[in-house]
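So the structure is just underneath, and the comments pick up after that.
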Amino acid sequence: MMTYRAPVDDIAFALRNAAGLGPALADGLYGDLSDDVIQAVLEQAGKFATDVLAPLNTIGDRYGTPFKDGIVTTPPGWKEAYRAWAQAGWNGLAAPAQWGGQELPQAVNAACIEMWNSAAMAFGLGPVLTMAGVDALVTHGSDELKRTYLPKLVSGEWMGTMQLTEPQAGSDVGALRTKAERVADGSYRITGQKIFITYGEHDLTDNIIHLVLARLPDAPSGTKGISLFLVPKFLLNADGSPGQRNDARAHSIEHKLGIHASPTCTMVYGDRGGATGFLIGEENRGMACMFTMMNQARLSVALQGVAIAERATQQALAYARERRQGRADGASGSSPIIAHPDVKRMLLTMRALTRAARAISYATAVAIDRAQRSPDGAARRAAHERASLLTPIAKAFSTDIGNEVASLGVQVHGGMGYVEETGAAQHYRDARITPIYEGTNGIQAIDLVTRKLPLAGGGTVRAYMSEIRRTVDAVNATNDPDFGWTGVRLQDAVDSLQRATDWLLGGQHNDPDPALAGATPYLRLFALTAGGALLAEEALAARRLAGNGNDAAGRTAIARFFAENLAVQASGLERTVVEGADSVNRADAGLA
Ligand SMILES: Cc1cc2nc3c(=O)[nH]c(=O)nc-3n(C[C@H](O)[C@H](O)[C@H](O)COP(=O)(O)OP(=O)(O)OC[C@H]3O[C@@H](n4cnc5c(N)ncnc54)[C@H](O)[C@@H]3O)c2cc1C
């Protein structure tokens with residue numbers, strides 16, 4: 001079975017030349033951090049992912065996480081790998097130095113998150129939630145909570161969970177019912193049930209820090225009445241070590257299509273009168289805290305989409321070079337299937353979509369870095385809005401293409417893809433959760449259309465489209481036949497995006513709002529246009545740097561393939577948004 005090799009050079013290239021890490025370094029955003037240090041970090045991460053984590057992927061899939069008497073056992077080798085990973089400092093890579101982190105760019109952490117998840121997505125998922133929890137605590141926690149919990153969460157000695165979902169409260173978080181009651185000592189008593197909680201119980205760490213959304217007895221209804229609580233599995237002794245067991249336990253775990261080694265738990269609070277919880281932020285302001293966690297987690301899930309797409313692509317390419325079948329046009333004997341144009345098309349689609357999703361996701365991370373680190377307030381705000389605009393696109397597009405690419409990966413393998421032996425099927429199964437959790441992709445599209453497009457009066461999205469137009473001009477200025485129709489097709493795509501955006505922002509539509517029906521095709525239109533432009537940026541950069549092993553020919557070929565074969569869908573998607581969405585709202589008869 002083909003295993004994973006971290007594509008460190010590709011990752012570094014995308015970070016520097018498409019996502020904007022190069023300009024951010026040049027602007028001094030990261031102080032005296034050098035490109036060499038970043039390269040060394042990426043290489044170390046790639047080595048760990050390739051050598052230590054990747055071999056765990058199949059074991060995790062086959063072994064799962066047996067559940068007995070409230071205890072979850074992780075697969076053989078996972079605990080050792082987790083401890084080695086945490087000890088190497090990977091958990092705190094982007095966390096504040098004050099709490100033991102290394103404060104490296106979020107963009108570098110994003111690249112590492114991709115590698116952990118390519119190697120073993122069920123492994124990578126746990127730390128992603130811990131990191132999101134760290135973010136929420138750093139931003140909203142009291143000094144005492146920070147002092148007590150952050151050092152161990154940053155080091156990875158303890159892991160975190162994120163608990164929103166209840167049976168009646170999925171996409172509609174405001175419907176949650178878990179109760180929190182004030183206790184005289186300032187803590188809170190939590191009772192209720194949560195479902196689908198990732199790593200809600202496991203044996204990787206000595207304590208698990210649950211971040212739980214709950215409702216006070218006198219809270220307003222809906223999302224305005226939600227508060228966030230820190231609920232440790234073990235309450236702490238005076239010296240900070242895990243002591244008495246809190247009244248929180250896993251009741252059962254789910255049997256799932258994929259990510260078998262990531263335990264998904266039903267959690268019960270209050271068998272013995274209620275779990276002790278500590279308020280994070282203010283009462284009834286839990287959604288603000290949760291959004292901090294969710295934005296981080298949404299980008300991480302985007303990276304899972306990229307990760308699974310990368311791994312599936314590597315595997316399909318290796319198989320297509322080996323497997324011989326049929327005779328390609330002009331060949332004398334049997335050909336490796338990669339020689340057949342239809343297989344080549346599948347492989348190119350896989351690679352092009354993967355790189356486009358990677359560039360969009362990394363660009364989101366660089367925007368987050370600028371939002372956190374720019375010296376100037378206006379620049380920070382603009383970057384925050386850029387990150388807010390790109391986050392739902394990164395999440396939904398990367399995870400959708402993660403599924404499409406993993407499915408193509410199975411197809412390239414033929415029957416060998418459908419049987420479990422090659423591992424292609426596992427990628428397909430693992431990928432399927434990513435468009436569902438952290439806000440379904442439908443919810444991401446609605447967020448984009450209803451909340452993100454109106455940012456800065458439409459200025460955020462317009463600024464982004466202007467950047468895409470600059471890329472188009474740069475491609476056209478090369479006058480190079482190797483780019484084929486790239487400039488023309490990207491121009492068409494951004495024109496379509498502009499018209500669809502104007503239409504959505506103009507609000508000429510009426511009741512029922514077709515913007516909600518057209519949100520998903522709009523997000524795809526946006527992503528294909530942005531992705532095409534970022535791949536063109538990669539090609540332009542590779543040509544500028546030609547001769548240094550930057551694969552100018554390969555990157556130009558991928559940019560051209562994307563523009564001529566995928567970005568051309570933009571005009572159809574524009575029609576779907578502007579004209580077709582109305583037919584969705586008027587087609588109830590079609591579902592009768
Ligand atoms: C393996 C796994 C791990 C998970 N881990 C966690 C975790 O760690 N913590 C946690 O809190 N949760 C977790 N979840 C829960 C996950 O986030 C939810 O399943 C997800 O948010 C969707 O909610 P739901 O399942 O109730 O689906 P529903 O909300 O019922 O959605 C069903 C469908 O209806 C659509 N829909 C719903 N409302 C709307 C609307 N207003 N407009 C348009 N379309 C709509 C959705 O897009 C979806 O297609 C996990 C789930 C799984 C399966």
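Ordered as shown in the structure tokens, chains take letters A, B, and onward, while each chain numbers its residues from 1 and ligands are numbered from 1 in the order shown.
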
So that I can see what lies close to Pro481 of chain A, please list as a compact mmCIF listing (two decimals) with all heavy atoms, in the first residue's frame the residues with an atom at most 12 Å from it, counting only C-alpha atoms and leaving out residues fewer than 6 positions away in the same chain.
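Written output follows (part22.txt):
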# COMPACT_ATOMS: atom_id res chain seq x y z
N VAL A 475 -1.20 37.74 -15.80
CA VAL A 475 -1.13 36.58 -16.71
C VAL A 475 -1.16 37.07 -18.16
O VAL A 475 -0.34 36.65 -18.98
CB VAL A 475 -2.31 35.61 -16.46
CG1 VAL A 475 -2.36 34.53 -17.53
CG2 VAL A 475 -2.19 34.97 -15.07
N GLY A 487 -5.68 33.53 -19.03
CA GLY A 487 -6.08 34.90 -18.72
C GLY A 487 -7.54 35.16 -19.09
O GLY A 487 -8.31 35.74 -18.32
N THR A 556 2.62 26.13 -14.36
CA THR A 556 1.89 26.78 -15.45
C THR A 556 0.85 25.81 -16.03
O THR A 556 -0.29 26.19 -16.31
CB THR A 556 2.87 27.24 -16.56
OG1 THR A 556 3.89 28.05 -15.94
CG2 THR A 556 2.16 28.04 -17.64
N ALA A 557 1.25 24.56 -16.17
CA ALA A 557 0.32 23.56 -16.73
C ALA A 557 -0.89 23.39 -15.81
O ALA A 557 -2.03 23.28 -16.30
CB ALA A 557 1.05 22.22 -16.90
N ARG A 560 -3.14 26.50 -16.02
CA ARG A 560 -3.86 26.50 -17.29
C ARG A 560 -4.98 25.45 -17.28
O ARG A 560 -6.11 25.72 -17.69
CB ARG A 560 -2.88 26.22 -18.44
CG ARG A 560 -3.58 26.11 -19.75
CD ARG A 560 -2.63 25.89 -20.91
NE ARG A 560 -3.42 25.67 -22.12
CZ ARG A 560 -2.91 25.40 -23.30
NH1 ARG A 560 -1.60 25.34 -23.45
NH2 ARG A 560 -3.70 25.21 -24.33

With a cut-off of 9 Å, could you pull out the residues of chain A touching ligand 1 and give me the nearest pair of atoms for each, distance in Å to one decimal, using only C-alpha atoms and all ligand atoms, ordered by chain and ascending number, as CSV?
residue,atom,partner,partner_atom_place_in_ligand_line,distance
A:Gly126,CA,ligand 1,8 (O),8.9
A:Leu129,CA,ligand 1,8 (O),7.6
A:Thr161,CA,ligand 1,8 (O),6.2
A:Met162,CA,ligand 1,9 (N),4.9
A:Gln163,CA,ligand 1,11 (O),3.9
A:Leu164,CA,ligand 1,11 (O),3.4
A:Thr165,CA,ligand 1,11 (O),4.0
A:Glu166,CA,ligand 1,11 (O),7.6
A:Pro167,CA,ligand 1,26 (O),6.8
A:Gln168,CA,ligand 1,26 (O),6.9
A:Ala169,CA,ligand 1,26 (O),6.0
A:Gly170,CA,ligand 1,26 (O),3.1
A:Ser171,CA,ligand 1,29 (O),3.6
A:Asp172,CA,ligand 1,29 (O),6.2
A:Val173,CA,ligand 1,21 (O),8.3
A:Lys194,CA,ligand 1,11 (O),7.4
A:Ile195,CA,ligand 1,12 (N),6.9
A:Phe196,CA,ligand 1,50 (C),4.4
A:Ile197,CA,ligand 1,8 (O),3.9
A:Thr198,CA,ligand 1,8 (O),3.7
A:Tyr199,CA,ligand 1,8 (O),7.0
A:Gly200,CA,ligand 1,8 (O),7.4
A:Val212,CA,ligand 1,11 (O),8.4
A:Leu213,CA,ligand 1,11 (O),8.7
A:Glu254,CA,ligand 1,1 (C),7.9
A:Lys256,CA,ligand 1,1 (C),7.1
A:Leu257,CA,ligand 1,1 (C),8.7
A:Gly258,CA,ligand 1,1 (C),8.1
A:Ile259,CA,ligand 1,1 (C),7.4
A:His260,CA,ligand 1,1 (C),9.0
A:Ser262,CA,ligand 1,1 (C),7.8
A:Pro263,CA,ligand 1,1 (C),8.0
A:Thr264,CA,ligand 1,3 (C),5.6
A:Cys265,CA,ligand 1,5 (N),8.3
A:Ile433,CA,ligand 1,1 (C),6.2
A:Thr434,CA,ligand 1,1 (C),8.6
A:Ile436,CA,ligand 1,20 (C),5.5
A:Tyr437,CA,ligand 1,17 (O),3.8
A:Glu438,CA,ligand 1,17 (O),4.8
A:Gly439,CA,ligand 1,21 (O),4.6
A:Thr440,CA,ligand 1,47 (O),4.8
A:Asn441,CA,ligand 1,47 (O),6.3
A:Gly442,CA,ligand 1,47 (O),4.4
A:Ile443,CA,ligand 1,47 (O),5.5
A:Gln444,CA,ligand 1,47 (O),8.6
A:Ile446,CA,ligand 1,42 (N),7.4
A:Leu516,CA,ligand 1,43 (C),7.7
A:Ala517,CA,ligand 1,43 (C),8.7

In Å, with one decimal, what is the gap from atom CA of Arg451 of chain A to atom CA of Ala359 of chain A?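 If I compute the distance from atom CA of Arg451 of chain A to atom CA of Ala359 of chain A, I get 23.0 Å.
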
Closest of A:Ala132, A:Leu317, A:Leu15, A:Val8 to Ala541 of chain A, counting only C-alpha atoms, is A:Leu15

12 Å contact set for Phe483 of chain A, only C-alpha atoms, chain neighbours under 5 positions out, as a ChimeraX atom specification: /A:472,474-478,488-490,535-536,539-540,543,552-564

For a quick check of understanding, using only C-alpha atoms, which of A:Ile308, A:Leu455, A:Ala331, A:Ala493 has the smallest distance to His384 of chain A? A:Leu455

Nearest to Gly417 of chain A by atom-to-atom distance, counting only C-alpha atoms, from A:Val578, A:Met159, A:Leu347, A:Ala312: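 Nearest to Gly417 of chain A: A:Ala312.
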
Long-range neighbours of Asp247 of chain A as a ChimeraX atom specification, 9 Å cut-off, only C-alpha atoms, 2 positions minimum in chain: /A:190-191,233-234,245,249,268-276

Would you list the contacts of Ala12 of chain A as a PDB file with N, CA and C atoms, in the first residue's frame, taking every protein, DNA or RNA residue within 9 Å and counting only C-alpha atoms, but skipping same-chain residues closer than 3 positions in sequence?
ATOM      1  N   PRO A   7       4.397  16.746   1.223  1.00  0.00           N
ATOM      2  CA  PRO A   7       4.894  17.515   0.078  1.00  0.00           C
ATOM      3  C   PRO A   7       5.427  18.875   0.536  1.00  0.00           C
ATOM      4  N   VAL A   8       6.510  18.855   1.299  1.00  0.00           N
ATOM      5  CA  VAL A   8       6.987  20.069   1.976  1.00  0.00           C
ATOM      6  C   VAL A   8       7.303  21.188   0.978  1.00  0.00           C
ATOM      7  N   ASP A   9       7.893  20.845  -0.155  1.00  0.00           N
ATOM      8  CA  ASP A   9       8.263  21.904  -1.105  1.00  0.00           C
ATOM      9  C   ASP A   9       7.027  22.596  -1.682  1.00  0.00           C
ATOM     10  N   LEU A  15       2.612  28.578   0.445  1.00  0.00           N
ATOM     11  CA  LEU A  15       2.609  29.557   1.546  1.00  0.00           C
ATOM     12  C   LEU A  15       3.241  30.872   1.106  1.00  0.00           C
ATOM     13  N   ARG A  16       4.415  30.771   0.510  1.00  0.00           N
ATOM     14  CA  ARG A  16       5.175  31.979   0.170  1.00  0.00           C
ATOM     15  C   ARG A  16       4.564  32.739  -0.995  1.00  0.00           C
ATOM     16  N   ASN A  17       4.151  31.976  -2.016  1.00  0.00           N
ATOM     17  CA  ASN A  17       3.877  32.632  -3.299  1.00  0.00           C
ATOM     18  C   ASN A  17       2.415  32.779  -3.673  1.00  0.00           C
ATOM     19  N   ILE A  38      11.325  28.934   9.055  1.00  0.00           N
ATOM     20  CA  ILE A  38      10.037  28.383   8.609  1.00  0.00           C
ATOM     21  C   ILE A  38      10.267  27.101   7.812  1.00  0.00           C
ATOM     22  N   GLN A  39      11.227  27.156   6.919  1.00  0.00           N
ATOM     23  CA  GLN A  39      11.534  25.970   6.112  1.00  0.00           C
ATOM     24  C   GLN A  39      11.916  24.787   7.010  1.00  0.00           C
ATOM     25  N   LEU A  42       8.838  23.374   8.744  1.00  0.00           N
ATOM     26  CA  LEU A  42       8.010  22.590   7.821  1.00  0.00           C
ATOM     27  C   LEU A  42       8.660  21.233   7.532  1.00  0.00           C
ATOM     28  N   VAL A 108       1.985  29.007   9.301  1.00  0.00           N
ATOM     29  CA  VAL A 108       2.887  27.854   9.408  1.00  0.00           C
ATOM     30  C   VAL A 108       2.167  26.718  10.135  1.00  0.00           C
ATOM     31  N   ALA A 111      -0.089  24.925   7.761  1.00  0.00           N
ATOM     32  CA  ALA A 111       0.621  23.964   6.909  1.00  0.00           C
ATOM     33  C   ALA A 111       0.883  22.669   7.685  1.00  0.00           C
TER      34      ALA A 111
END

Quick one: pick out all alpha helix (DSSP H) residues within segment 182-364 of chain A from a backbone DSSP run and write them as a ChimeraX atom specification. /A:286-322,341-364

Can you work out which one of A:Ala527, A:Val577, A:Ala383, A:Val461 has the shortest atom-to-atom distance to Ala24 of chain A, counting only C-alpha atoms?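 For Ala24 of chain A, the nearest of the candidates is A:Ala383.
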
Restricting the calculation to only C-alpha atoms, which member of A:Ala530, A:Ala387, A:Ala288, A:Val52 is positioned closest to Arg358 of chain A?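 When distances to Arg358 of chain A are compared using only C-alpha atoms, the smallest one comes from A:Ala530.
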
To one decimal in Å, tell me the separation between atom CA of Ile337 of chain A and atom CA of Arg429 of chain A.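 Atom CA of Arg429 of chain A lies at a distance of 24.3 Å from atom CA of Ile337 of chain A.
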